[in-house]
Structures are given as C-alpha cells and as structure tokens.
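Structure below is protein.cif: mmCIF, C-alpha atoms.
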data_protein
loop_
_atom_site.label_atom_id
_atom_site.label_comp_id
_atom_site.auth_asym_id
_atom_site.auth_seq_id
_atom_site.Cartn_x
_atom_site.Cartn_y
_atom_site.Cartn_z
CA MET A 27 30.59 76.20 219.62
CA VAL A 28 31.04 72.55 218.80
CA ASN A 29 30.36 69.62 221.09
CA LYS A 30 33.14 67.28 222.16
CA PHE A 31 32.00 63.79 223.04
CA ILE A 32 34.10 61.21 224.88
CA PRO A 33 31.96 58.06 224.97
CA LYS A 34 32.78 55.25 227.38
CA SER A 35 31.35 52.44 225.28
CA LEU A 36 30.63 51.58 221.67
CA GLN A 37 26.89 51.71 222.39
CA GLU A 38 27.21 55.24 223.76
CA ALA A 39 29.30 56.25 220.73
CA LEU A 40 26.62 54.94 218.34
CA LEU A 41 23.92 56.82 220.23
CA ILE A 42 25.90 60.07 219.93
CA LEU A 43 26.50 59.45 216.21
CA SER A 44 22.77 58.86 215.69
CA GLN A 45 22.10 62.38 216.98
CA HIS A 46 25.12 64.44 215.89
CA ASP A 47 27.19 64.88 212.73
CA CYS A 48 30.70 64.37 214.08
CA TYR A 49 34.32 64.15 213.13
CA ILE A 50 35.39 60.76 214.43
CA MET A 51 38.83 60.98 216.00
CA ALA A 52 40.96 58.02 217.01
CA GLY A 53 44.71 58.74 217.13
CA GLY A 54 44.24 62.26 215.79
CA THR A 55 47.26 62.12 213.49
CA ASP A 56 45.28 63.36 210.48
CA LEU A 57 42.60 65.57 212.05
CA MET A 58 44.93 67.31 214.51
CA VAL A 59 47.18 68.28 211.59
CA MET A 60 44.31 69.41 209.34
CA LYS A 61 42.69 71.51 212.06
CA HIS A 62 45.90 72.80 213.61
CA ARG A 63 46.28 76.51 214.33
CA SER A 64 49.08 78.37 216.05
CA SER A 65 50.78 77.10 219.16
CA GLY A 66 48.58 77.45 222.24
CA LEU A 67 45.33 77.76 220.28
CA LEU A 68 42.71 75.06 220.10
CA PRO A 69 42.43 73.24 216.78
CA SER A 70 39.64 74.82 214.73
CA PHE A 71 36.97 72.16 214.46
CA ASP A 72 33.90 73.29 212.54
CA LYS A 73 31.63 70.51 213.72
CA ASP A 74 31.21 68.17 216.68
CA ILE A 75 33.94 65.68 217.53
CA ILE A 76 33.68 62.23 219.00
CA TYR A 77 36.83 60.74 220.52
CA ILE A 78 36.98 56.98 220.20
CA ALA A 79 40.65 56.13 220.91
CA ASN A 80 39.86 54.83 224.38
CA LEU A 81 37.09 52.46 223.27
CA GLN A 82 38.69 49.13 224.17
CA GLU A 83 35.79 47.22 222.59
CA LEU A 84 37.16 48.26 219.21
CA ASN A 85 40.80 47.44 219.99
CA PHE A 86 41.09 43.97 218.51
CA ILE A 87 43.08 42.06 215.93
CA LYS A 88 41.58 38.63 215.53
CA ASP A 89 40.85 35.76 213.21
CA VAL A 90 37.15 35.50 212.44
CA SER A 91 36.38 32.35 210.43
CA GLY A 92 39.66 32.51 208.53
CA SER A 93 39.65 36.27 207.92
CA LEU A 94 41.83 38.74 209.78
CA THR A 95 39.65 41.37 211.45
CA ILE A 96 41.19 44.59 212.74
CA GLY A 97 39.16 46.93 214.95
CA ALA A 98 38.85 50.69 214.78
CA THR A 99 41.14 51.55 217.67
CA ALA A 100 43.97 49.09 216.91
CA THR A 101 47.04 51.21 216.22
CA TYR A 102 49.68 50.57 213.58
CA SER A 103 52.03 49.51 216.39
CA ASP A 104 49.45 46.99 217.64
CA ILE A 105 49.20 45.60 214.12
CA LEU A 106 52.99 45.35 213.71
CA LYS A 107 53.14 43.27 216.91
CA SER A 108 50.40 40.84 215.91
CA PRO A 109 51.49 37.36 214.76
CA ILE A 110 48.41 36.92 212.56
CA VAL A 111 48.84 39.97 210.33
CA PRO A 112 50.15 39.27 206.78
CA GLN A 113 53.71 40.38 206.09
CA LEU A 114 52.60 42.67 203.24
CA LEU A 115 50.59 44.82 205.64
CA LYS A 116 53.50 44.96 208.10
CA ASP A 117 55.95 45.90 205.32
CA ILE A 118 53.62 48.77 204.41
CA ILE A 119 53.02 49.95 207.98
CA ILE A 120 56.68 49.97 209.05
CA GLU A 121 57.25 52.63 206.37
CA ILE A 122 54.34 54.84 207.45
CA ALA A 123 55.30 57.97 209.42
CA SER A 124 57.42 57.30 212.53
CA PRO A 125 57.31 55.16 215.68
CA SER A 126 55.44 57.75 217.76
CA LEU A 127 52.80 58.30 215.08
CA ARG A 128 52.42 54.54 214.61
CA ASN A 129 51.74 54.32 218.36
CA MET A 130 48.84 56.76 217.91
CA ALA A 131 47.48 56.25 214.39
CA THR A 132 45.00 53.54 213.43
CA LEU A 133 44.55 51.54 210.25
CA ILE A 134 40.85 52.35 210.27
CA GLY A 135 41.74 56.04 210.47
CA ASN A 136 43.74 55.69 207.27
CA ILE A 137 40.64 54.18 205.62
CA GLY A 138 38.35 56.91 206.95
CA ASN A 139 40.74 59.64 205.82
CA ALA A 140 40.73 58.14 202.31
CA SER A 141 43.70 60.10 201.06
CA PRO A 142 44.92 59.19 197.56
CA ALA A 143 48.32 58.83 199.24
CA GLY A 144 47.13 56.53 202.04
CA ASP A 145 49.75 53.78 201.97
CA SER A 146 47.82 51.10 203.84
CA LEU A 147 44.95 51.40 201.35
CA VAL A 148 47.11 49.98 198.56
CA GLY A 149 47.66 46.78 200.55
CA LEU A 150 44.02 46.61 201.62
CA TYR A 151 42.83 46.90 197.99
CA LEU A 152 45.29 44.20 196.94
CA LEU A 153 44.05 41.87 199.70
CA ASP A 154 40.33 42.38 198.88
CA ALA A 155 39.64 44.00 202.26
CA GLN A 156 36.06 44.60 203.35
CA VAL A 157 35.00 47.54 205.50
CA GLU A 158 32.51 46.83 208.28
CA LEU A 159 30.28 49.73 209.35
CA ILE A 160 28.16 49.82 212.46
CA SER A 161 25.32 52.07 213.62
CA LEU A 162 22.27 51.73 215.82
CA ARG A 163 20.53 50.49 212.66
CA GLY A 164 22.87 47.50 212.42
CA THR A 165 26.03 46.57 210.55
CA ARG A 166 26.90 46.37 206.88
CA THR A 167 30.01 45.36 204.99
CA MET A 168 31.35 46.47 201.63
CA PRO A 169 34.58 46.12 199.65
CA ILE A 170 37.08 48.89 200.36
CA SER A 171 37.20 49.63 196.62
CA GLU A 172 33.50 50.59 196.79
CA PHE A 173 33.65 52.22 200.20
CA ILE A 174 36.19 54.80 199.03
CA TYR A 175 34.85 56.65 195.99
CA GLY A 176 37.01 59.76 195.68
CA VAL A 177 39.57 62.01 197.31
CA ARG A 178 38.61 61.85 201.01
CA ARG A 179 35.18 60.57 199.97
CA ILE A 180 33.73 57.48 201.67
CA HIS A 181 30.32 55.83 201.82
CA ARG A 182 29.87 56.34 205.55
CA GLU A 183 26.50 57.61 206.71
CA LYS A 184 26.59 60.20 209.48
CA ASP A 185 25.39 57.75 212.13
CA GLU A 186 27.92 55.08 211.19
CA LEU A 187 31.28 54.19 212.61
CA ILE A 188 33.85 52.11 210.75
CA LYS A 189 33.99 49.20 213.16
CA SER A 190 36.63 47.04 211.52
CA VAL A 191 38.39 45.98 208.37
CA ILE A 192 38.18 42.35 207.30
CA ILE A 193 41.06 40.87 205.34
CA PRO A 194 40.62 37.41 203.78
CA ALA A 195 43.55 34.98 203.92
CA HIS A 196 45.71 34.64 200.80
CA HIS A 197 48.55 32.32 199.88
CA PHE A 198 50.45 34.04 197.12
CA THR A 199 53.63 32.68 195.58
CA GLN A 200 55.16 36.15 195.75
CA VAL A 201 54.17 39.57 197.10
CA LYS A 202 55.95 42.87 196.58
CA TRP A 203 55.60 46.28 198.21
CA LYS A 204 57.35 49.42 197.04
CA LYS A 205 57.02 52.94 198.39
CA VAL A 206 58.71 55.87 196.67
CA GLY A 207 59.11 58.95 198.86
CA SER A 208 61.58 61.73 199.56
CA ARG A 209 63.07 60.03 202.61
CA LYS A 210 62.83 56.73 204.43
CA ALA A 211 60.58 57.81 207.30
CA GLU A 212 58.01 60.56 207.87
CA THR A 213 57.27 60.87 204.22
CA ILE A 214 54.04 61.03 202.25
CA SER A 215 54.31 58.83 199.19
CA LYS A 216 55.01 59.96 195.66
CA ILE A 217 54.09 56.53 194.32
CA THR A 218 53.22 53.23 195.98
CA PHE A 219 52.87 49.79 194.48
CA ALA A 220 51.74 46.41 195.70
CA GLY A 221 51.81 43.32 193.51
CA ALA A 222 51.11 39.63 194.07
CA TYR A 223 50.90 36.47 192.03
CA THR A 224 50.32 32.77 192.47
CA LEU A 225 51.80 30.13 190.20
CA GLU A 226 50.66 26.53 189.85
CA LYS A 227 52.61 24.20 187.59
CA GLY A 228 53.91 27.09 185.51
CA ILE A 229 50.48 28.71 185.12
CA VAL A 230 49.64 32.14 186.53
CA ARG A 231 46.61 31.38 188.73
CA ASP A 232 46.40 34.73 190.47
CA PHE A 233 47.81 38.09 189.50
CA ARG A 234 47.02 41.47 190.98
CA LEU A 235 48.51 44.94 191.00
CA ALA A 236 47.59 48.00 193.06
CA PHE A 237 48.99 51.51 192.73
CA GLY A 238 48.72 54.41 195.17
CA SER A 239 49.24 58.18 194.80
CA VAL A 240 48.67 57.94 191.05
CA SER A 241 44.93 58.61 190.85
CA ILE A 242 42.07 59.86 193.01
CA THR A 243 41.80 56.44 194.64
CA VAL A 244 43.96 53.32 194.65
CA VAL A 245 44.16 51.78 191.17
CA ARG A 246 43.26 48.10 191.09
CA ARG A 247 41.63 46.63 187.98
CA PRO A 248 40.19 43.12 188.44
CA GLU A 249 39.06 43.02 184.79
CA LEU A 250 42.67 43.48 183.64
CA GLU A 251 43.88 40.85 186.09
CA ALA A 252 41.31 38.40 184.69
CA LYS A 253 42.63 39.01 181.18
CA TYR A 254 46.04 37.61 182.06
CA ILE A 255 45.23 34.92 184.62
CA GLY A 256 45.49 31.41 183.21
CA LEU A 257 48.46 32.09 180.95
CA SER A 258 51.74 30.22 181.29
CA VAL A 259 54.62 32.18 182.77
CA LYS A 260 56.20 32.44 179.30
CA GLN A 261 52.99 33.67 177.65
CA PHE A 262 52.49 36.08 180.52
CA LYS A 263 55.94 37.61 180.22
CA ASP A 264 55.54 37.98 176.45
CA LYS A 265 52.62 40.26 177.23
CA ILE A 266 54.49 42.72 179.45
CA SER A 267 53.96 45.64 177.10
CA ASP A 268 50.23 44.84 176.73
CA ILE A 269 49.84 44.65 180.50
CA LEU A 270 51.66 47.94 181.01
CA SER A 271 49.66 49.76 178.37
CA ASP A 272 46.43 48.35 179.85
CA TYR A 273 47.35 49.74 183.26
CA GLY A 274 48.86 52.92 181.86
CA GLN A 275 45.44 54.36 181.02
CA TYR A 276 44.48 54.24 184.71
CA ILE A 277 47.73 55.73 186.02
CA THR A 278 46.65 59.37 186.00
CA PRO A 279 48.73 61.20 188.61
CA ILE A 280 48.88 64.91 189.29
CA SER A 281 51.82 67.21 189.89
CA ASP A 282 51.97 68.59 193.43
CA GLN A 283 54.53 69.68 196.01
CA ARG A 284 55.83 66.12 196.36
CA SER A 285 56.35 65.12 192.73
CA THR A 286 55.33 65.62 189.11
CA LYS A 287 52.81 63.64 187.09
CA ASP A 288 55.46 62.59 184.56
CA TYR A 289 57.78 61.26 187.24
CA ARG A 290 54.95 59.43 188.96
CA TYR A 291 53.71 57.83 185.73
CA LYS A 292 57.17 56.75 184.63
CA VAL A 293 58.19 55.32 187.99
CA ALA A 294 54.85 53.52 188.49
CA MET A 295 55.30 51.85 185.10
CA ASN A 296 58.91 50.95 185.85
CA ILE A 297 58.02 49.33 189.16
CA ALA A 298 55.20 47.35 187.53
CA ARG A 299 57.49 46.26 184.69
CA ASP A 300 60.14 45.13 187.17
CA PHE A 301 57.58 43.15 189.16
CA ILE A 302 56.09 41.44 186.11
CA SER A 303 59.45 40.63 184.56
CA HIS A 304 60.47 38.77 187.72
CA ILE A 305 57.42 36.52 187.78
CA GLY A 306 58.37 32.84 187.81
CA MET B 30 35.79 72.35 228.84
CA ALA B 31 36.14 69.08 230.67
CA LYS B 32 37.88 67.88 233.80
CA ILE B 33 40.54 65.50 232.54
CA LYS B 34 42.39 63.24 234.95
CA PHE B 35 45.68 61.65 234.07
CA VAL B 36 49.09 60.98 235.56
CA ILE B 37 51.94 63.32 234.71
CA ASN B 38 55.45 62.27 235.69
CA HIS B 39 54.06 59.87 238.31
CA GLN B 40 51.76 62.51 239.87
CA PRO B 41 47.99 62.29 239.36
CA VAL B 42 46.58 65.57 238.05
CA GLU B 43 43.24 66.96 236.98
CA VAL B 44 43.11 69.76 234.44
CA ASP B 45 40.08 71.69 233.28
CA VAL B 46 40.68 72.03 229.55
CA ASP B 47 39.01 71.54 226.20
CA PRO B 48 39.25 67.84 225.18
CA SER B 49 40.71 68.93 221.85
CA ALA B 50 43.54 70.91 223.48
CA ARG B 51 46.92 69.53 222.54
CA LEU B 52 48.79 67.65 225.24
CA LEU B 53 51.84 69.75 224.30
CA ASP B 54 50.05 73.01 225.12
CA VAL B 55 48.70 71.65 228.40
CA LEU B 56 52.19 70.52 229.43
CA ARG B 57 53.75 73.87 228.67
CA ASN B 58 50.96 76.37 229.40
CA ASN B 59 48.89 74.73 232.14
CA LEU B 60 51.47 72.59 233.91
CA HIS B 61 54.46 74.84 233.16
CA MET B 62 56.65 71.93 232.17
CA MET B 63 58.78 73.53 229.50
CA GLY B 64 61.13 70.64 228.69
CA THR B 65 58.88 69.31 225.92
CA LYS B 66 59.46 71.41 222.79
CA GLU B 67 57.33 72.37 219.85
CA GLY B 68 59.09 72.15 216.50
CA CYS B 69 56.85 71.59 213.49
CA GLY B 70 53.50 71.25 215.29
CA GLU B 71 52.38 68.62 212.79
CA GLY B 72 53.98 65.38 213.94
CA SER B 73 56.98 65.47 211.64
CA CYS B 74 59.92 66.47 213.84
CA GLY B 75 59.67 64.60 217.15
CA ALA B 76 60.70 67.56 219.35
CA CYS B 77 57.47 67.13 221.36
CA THR B 78 57.92 63.38 222.00
CA VAL B 79 56.61 62.14 225.34
CA LEU B 80 55.75 58.68 226.63
CA VAL B 81 52.12 57.67 227.09
CA ASN B 82 51.70 54.37 228.90
CA GLY B 83 55.31 53.55 228.07
CA VAL B 84 55.31 54.24 224.34
CA SER B 85 56.28 57.37 222.43
CA TYR B 86 53.63 59.88 221.33
CA SER B 87 53.90 63.18 219.50
CA SER B 88 52.29 65.48 222.06
CA CYS B 89 51.55 68.12 219.41
CA LEU B 90 48.98 65.79 217.82
CA THR B 91 47.59 64.27 221.00
CA PRO B 92 44.23 65.69 222.05
CA MET B 93 43.68 65.74 225.81
CA ALA B 94 40.70 63.39 225.35
CA ASN B 95 43.21 60.69 224.41
CA VAL B 96 45.23 60.86 227.64
CA ILE B 97 42.34 60.41 230.06
CA GLY B 98 43.47 57.89 232.66
CA LYS B 99 46.87 57.46 231.01
CA GLU B 100 50.39 57.79 232.41
CA VAL B 101 52.33 60.53 230.69
CA LEU B 102 56.08 60.81 231.17
CA THR B 103 57.95 63.85 229.87
CA ILE B 104 61.58 64.92 229.95
CA ASP B 105 60.71 67.01 233.03
CA GLY B 106 59.98 63.85 235.00
CA PHE B 107 62.40 61.49 233.30
CA ASN B 108 65.35 63.82 233.98
CA GLN B 109 65.15 62.95 237.67
CA THR B 110 66.17 59.34 237.03
CA LYS B 111 69.45 57.43 236.75
CA GLN B 112 68.23 56.06 233.43
CA TYR B 113 68.07 59.62 232.13
CA ARG B 114 71.57 60.31 233.43
CA ILE B 115 73.02 57.42 231.43
CA ILE B 116 71.43 58.63 228.20
CA ALA B 117 72.28 62.31 228.83
CA ASP B 118 75.91 61.49 229.70
CA ALA B 119 76.30 59.49 226.50
CA PHE B 120 74.85 62.41 224.51
CA SER B 121 77.29 64.84 226.21
CA GLU B 122 80.29 62.60 225.75
CA LEU B 123 79.76 62.12 222.02
CA GLY B 124 78.63 65.63 221.12
CA ALA B 125 75.12 64.40 220.30
CA SER B 126 73.52 67.68 221.30
CA GLN B 127 74.38 71.06 219.83
CA CYS B 128 71.58 73.63 219.90
CA GLY B 129 69.67 71.17 222.10
CA PHE B 130 66.17 71.83 220.79
CA CYS B 131 65.64 68.27 219.54
CA THR B 132 67.38 66.66 222.51
CA PRO B 133 64.38 66.20 224.86
CA GLY B 134 62.53 64.41 222.05
CA MET B 135 65.60 62.37 221.13
CA ILE B 136 66.02 61.29 224.73
CA MET B 137 62.38 60.33 225.17
CA SER B 138 62.46 58.30 221.93
CA THR B 139 65.67 56.65 223.12
CA TYR B 140 64.06 55.72 226.44
CA ALA B 141 60.98 54.36 224.63
CA LEU B 142 63.32 52.20 222.54
CA PHE B 143 65.21 50.88 225.60
CA LEU B 144 61.95 49.95 227.33
CA SER B 145 61.24 47.39 224.62
CA ASN B 146 64.79 46.74 223.38
CA PRO B 147 67.67 47.48 225.79
CA ARG B 148 70.46 46.41 223.39
CA PRO B 149 69.36 47.63 219.95
CA THR B 150 71.41 47.30 216.78
CA GLU B 151 72.41 50.45 214.90
CA GLU B 152 69.61 49.75 212.40
CA GLU B 153 67.07 49.47 215.22
CA VAL B 154 68.28 52.76 216.70
CA ARG B 155 67.93 54.49 213.33
CA LEU B 156 64.37 53.15 213.00
CA ALA B 157 63.47 54.17 216.57
CA LEU B 158 64.73 57.73 216.01
CA SER B 159 63.38 58.03 212.47
CA GLY B 160 60.70 60.46 213.64
CA ASN B 161 63.12 62.80 215.40
CA LEU B 162 64.76 65.49 213.32
CA CYS B 163 68.03 67.20 214.25
CA ARG B 164 69.33 70.06 212.14
CA CYS B 165 72.74 70.35 213.85
CA THR B 166 74.53 67.09 214.38
CA GLY B 167 73.84 65.09 211.25
CA TYR B 168 72.55 62.18 213.37
CA ASN B 169 75.65 59.96 213.49
CA ALA B 170 76.73 61.31 216.86
CA ILE B 171 73.22 60.76 218.20
CA ILE B 172 73.06 57.16 216.95
CA LYS B 173 76.45 56.46 218.51
CA ALA B 174 75.35 58.05 221.78
CA VAL B 175 72.27 55.83 221.94
CA LEU B 176 74.40 52.74 221.32
CA LEU B 177 76.83 53.90 224.02
CA ALA B 178 73.97 54.46 226.47
CA ALA B 179 72.69 50.94 225.77
CA GLU B 180 76.16 49.54 226.46
CA GLU B 181 76.53 51.59 229.65
CA GLY B 182 73.08 50.56 230.78
CA GLU B 183 73.94 46.91 230.37
CA GLU B 184 77.31 47.27 232.13
CA ARG B 185 75.70 48.98 235.09
CA GLY B 186 72.82 46.52 235.20
CA ILE B 187 70.23 49.23 234.61
CA LYS B 188 66.63 48.14 234.35
CA TRP B 189 65.01 50.34 231.74
#

As structure tokens, what does this structure read like?
Amino acid sequence: MVNKFIPKSLQEALLILSQHDCYIMAGGTDLMVMKHRSSGLLPSFDKDIIYIANLQELNFIKDVSGSLTIGATATYSDILKSPIVPQLLKDIIIEIASPSLRNMATLIGNIGNASPAGDSLVGLYLLDAQVELISLRGTRTMPISEFIYGVRRIHREKDELIKSVIIPAHHFTQVKWKKVGSRKAETISKITFAGAYTLEKGIVRDFRLAFGSVSITVVRRPELEAKYIGLSVKQFKDKISDILSDYGQYITPISDQRSTKDYRYKVAMNIARDFISHIG
Amino acid sequence: MAKIKFVINHQPVEVDVDPSARLLDVLRNNLHMMGTKEGCGEGSCGACTVLVNGVSYSSCLTPMANVIGKEVLTIDGFNQTKQYRIIADAFSELGASQCGFCTPGMIMSTYALFLSNPRPTEEEVRLALSGNLCRCTGYNAIIKAVLLAAEEGEERGIKW
C-alpha cells in the first residue's frame, strides 16, 4: 500500500518529502500514462505519491532581476499566455501534445521526467536555463545540462522539489526551432533542433545549437560553440563542414518505434546545415 | 481513499475514492455519467475531454487529487444547454459525426475553444481540435461544423 499525499502548502509538501520517497505529480500527463493499467483500475504506483498541482505558491511566471522564472505548477498553457516568455519557448510548447494536455502539463514536469525526447528541454539547454531545487535544507540552483545526467536521470535528492526554472534574457539576431515528428500534434519527436546566433558588424558573437532525441540527453556543446565564435560570417560559413563533423560525433541516436538512427542522424545534420548556411 | 469534493456539471459532489483514481473512471463508474468516452487511455485521442475550470482536460490522465475544489463540466451536463444545441446541430447538419465515439470529446473541445475565442479561423479550429482523433469523418466535416457553429452562435447572440 502506498501513501497518497495532497499537501495544502509548499511547506507541508517539503515536510512530506523529507520523510517519504515520493513520485511528485503535477499535471500527471507522464506518470498517469506510465502507471496506467486497464480501464477502471487504479494506476499501479509502486511508491508514495505527492500531488502538487494545486499548490498555488508554485504557480508563477515572473521576472526576477532580469531572468524569467517559471514555477513548478505553471502549465504549458499558462506559459503560452505570458507576455514575458521568449518566443522560442512558445514556439516549442505550441507543438507539444495537444491543447488539453497543455492545460494540464507543466514545464517543470518535462524537466523532472528528463526524457531524451522532451521537447522543452532543447530550448531550455539553448537558453542556459538553471534549475532551482528546494527542500527543508534550503535551495540550490544548477544548470539544466548538469541537472539532467541520463535517460530519466536527474540530480534531485529525495527530499527535494524542483521549485522553478530560471531562464536568463537573451537578445539573439536569429533563433530557429524545428521539430520532426510523424504528425503535427500529439507526437513524440523523432528529432528536435534549436539554434541561435548573434551578429555584430559582420562578426558571429554568439552561436549555439541544441539537438533533442538524438542522444541520451540534449546535445549542446559549448566548447564547439567557442571554437567558431568570433569569426566573420564569411569565415564561419566556409567552415560548415567542420562544424557539422564536430557535432556529428555527438549525434548518436537510436532506432526505436518512432524512427531509425540513420534517419535521425541525417535529418539532424541537414537541419543544422540549413540553419548555419542561412546565417547572416 | 479520500473524500474528494468538487463540482460536477454545476452540482457539488463528494466522492470517496483513491486520489490517484482517474477522473474518467469516477465519472463513468461512480457518477454513472457515461457520455465521456475512453478511447486510448493515454491522452492521445481526446475522446475523454472534459472541461475543468473552463479549460479542456483529458480525463483519462487526470487524477482525482487534481480536481479537488474544481468545476468539472462534461458532455452530460453541457448537453442541457442551448450552447450545446448550436454545436450539436452544426455537427448533424454537416455530417460531422458518424460512429459518434469521438463526438463528446470533439464537442467539449469546441466549447473550450469558443469560451476563449468565439469566432475562430479555420487554422485556430484545427489547432483547438488537434488532440481529438476521429477515425470516420476525415476531419473536414468537423472543422466546417465548428466554423458553422461559431457563425450561428454569433448570429443568435450566444454568449459562450
């Protein structure tokens, strides 16, 4: 028999988490699918559950000293309606699932689930998002690229709750999002790509690429970005094949029911090539 | 088990269920409201769409813990309204329902759309219904029916 906790405040939730190893459920759109059994039967949870969807203290989307901060119970629909959310994140979210699931699902849930095919993660990696964790012991913050370390593997201690995600402001010259799936809605990605660059007087001052569904976690390589930042647009474009072969070694997809590794590799490279060749 | 209070089709209720029970099962098995259908059971088909506090939810993925204190509207309550009649008549007129299994979900998604956008474009209708699958009609009749219902609603001065 597992316990089901429905805390009325964040403080109560943290107290429960300090005493019990729980699944943390917000919208339920991942956990209710994973634990689903036949119609009429209860989902088969193998450990305690804490329901946090109704914690209004965590339902915020706000600017905190220049950084967008999105709380754990803000849904995708809440985020789409917010005037302070960057367009890249909205472009990603509008292609996730369907309206009813976006009314239920949370961005923080997508982080906690840490699927290699989590679309929002690609944007969050690109935007240098930080994950803020809270427990009775205090809070701590770490880059999302460190927080997620494998397929559904995150650096959350049992007593911690992901409180919010913090997204610093950016002013790119151009941003691109591309999702490849079997249909327009309700589809889990075969490949996702986010790219951004900033030009100043013909010089590439910022350049970043992120790929989803092509490795165990989102692929973003700051050391490769650094290699090409500072070049003129012409020099940069002359290096397309170098850039692609640099990234190619990290594009290591698998074949599964949605796609094959060859297709994923080829299409990821094509999207990156298209993005780079249009810089300027 | 927990005593969970919420509002179903404008009536306050209290049910004694497990907080992880699916709203869909409680509607059908505890409250005997059979209008809401189960298709895929994993949030992909929209047959179980209901409104929670005025926005669409997939009731097959909604644990009862998440509807505490909320207002749930299902096809079994909505079908008593003139707003329902306008949508249902448009579906009938344009052949937008064949086997009918997806229709309750389609109608609830349509109503959710009209609540925020009473005169949607075709593109907006397609986006709003993108989570509702129909294996009979091929969708075009449904999209046209929603646009017709929006037009009718405006002509008759309906407040969605």

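Run against this file, the PyMOL selection byres ((chain B) within 8 of (chain A)) gives back Asp47, Pro48, Ser49, Ala50, Arg51, Asp54, Asn58, Gly70, Glu71, Gly72, Ser73, Thr78, Val84, Ser85, Tyr86, Ser87, Leu90, Thr91, Pro92, Ala94, Asn95, Leu156, Ala157, Leu158, Ser159 and Gly160 of chain B.
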
Practice problem: Evaluate the PyMOL selection byres ((chain B and resi 151) around 9) and record the selected residues as a list in words, following the chain and residue labels used in the document. | Solution: Pro149, Thr150, Glu152, Glu153, Val154, Arg155, Leu156, Ile172, Lys173, Val175 and Leu176 of chain B

Practice problem: Determine the residue membership of the PyMOL selection byres ((chain A and resi 303) around 10) for the file above and supply it as a PyMOL selection string. | Solution: chain A and resi 259+262-264+266+297-302+304-306

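Minimum distance to Ala179 of chain B across B:Gly75, B:Cys128, B:Cys163, B:Gln112 (counting only C-alpha atoms) occurs at B:Gln112.
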
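Atom CA of Ile119 of chain A sits 24.7 Å away from atom CA of Thr278 of chain A.
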
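Taking only C-alpha atoms, the non-local environment of Leu41 of chain A within 8 Å (same-chain residues fewer than 4 positions away omitted) comprises Gln37, Gln45 and Leu162 of chain A.
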
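Minimum distance to Thr132 of chain A across A:Ile96, A:Met168, A:Leu115, A:Leu150 (counting all atoms listed in the file) occurs at A:Ile96.
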
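For the set B:Gly134, B:Gly124, B:Gly182, B:Gly129, the residue with the smallest atom-to-atom gap to Pro147 of chain B is B:Gly182, counting only C-alpha atoms.
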
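Interatomic distance, atom CA of Ser161 of chain A against atom CA of Leu187 of chain A: 6.4 Å.
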
Exercise. Considering all atoms listed in the file, state which residue in the set A:Ile170, A:Ile193, A:Ala143, A:Val206 is at the smallest distance from Ile242 of chain A.
Key: A:Ala143

Practice problem: Go ahead and compute the interatomic distance for atom CA of Leu81 of chain A and atom CA of Gly97 of chain A, in Å to one decimal. | Solution: 10.2 Å

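Excluding Leu53 of chain B itself and any same-chain residue fewer than 6 positions from it, the protein and nucleic acid residues within 7 Å of it, counting only C-alpha atoms, are Cys77, Ser88 and Cys89 of chain B.
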
Quiz item: Which residues, written as a ChimeraX atom specification, have at least one atom at most 12 Å from Asp118 of chain B, with all atoms listed in the file counted and residues fewer than 2 positions away on the same chain left out?
Solution: /B:108,111-116,120-126,136,171,174-175,177-179,181-182

Edge lengths and centre in Å, axis-aligned, segment 113-130 of chain B plus 6 Å each side, as lines of an AutoDock Vina configuration file:
center_x = 73.2
center_y = 65.5
center_z = 226.6
size_x = 26.1
size_y = 28.2
size_z = 25.6

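The closest residue to Ile160 of chain A, picked from A:Asn136, A:Ser44, A:Ser241, A:Ser108 and counting all atoms listed in the file, is A:Ser44.
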
Around the point (42.7, 67.3, 237.9) in the file's coordinates, collect all residues with an atom within 10 Å, using all atoms listed in the file, and return them as a PDB file with C-alpha atoms, in the frame of the given file.
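Output file out_2.pdb is given in full below:
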ATOM      1  CA  ALA B  31      36.140  69.080 230.670  1.00  0.00           C
ATOM      2  CA  LYS B  32      37.880  67.880 233.800  1.00  0.00           C
ATOM      3  CA  ILE B  33      40.540  65.500 232.540  1.00  0.00           C
ATOM      4  CA  LYS B  34      42.390  63.240 234.950  1.00  0.00           C
ATOM      5  CA  PHE B  35      45.680  61.650 234.070  1.00  0.00           C
ATOM      6  CA  VAL B  36      49.090  60.980 235.560  1.00  0.00           C
ATOM      7  CA  PRO B  41      47.990  62.290 239.360  1.00  0.00           C
ATOM      8  CA  VAL B  42      46.580  65.570 238.050  1.00  0.00           C
ATOM      9  CA  GLU B  43      43.240  66.960 236.980  1.00  0.00           C
ATOM     10  CA  VAL B  44      43.110  69.760 234.440  1.00  0.00           C
ATOM     11  CA  ASP B  45      40.080  71.690 233.280  1.00  0.00           C
ATOM     12  CA  VAL B  46      40.680  72.030 229.550  1.00  0.00           C
TER      13      VAL B  46
END
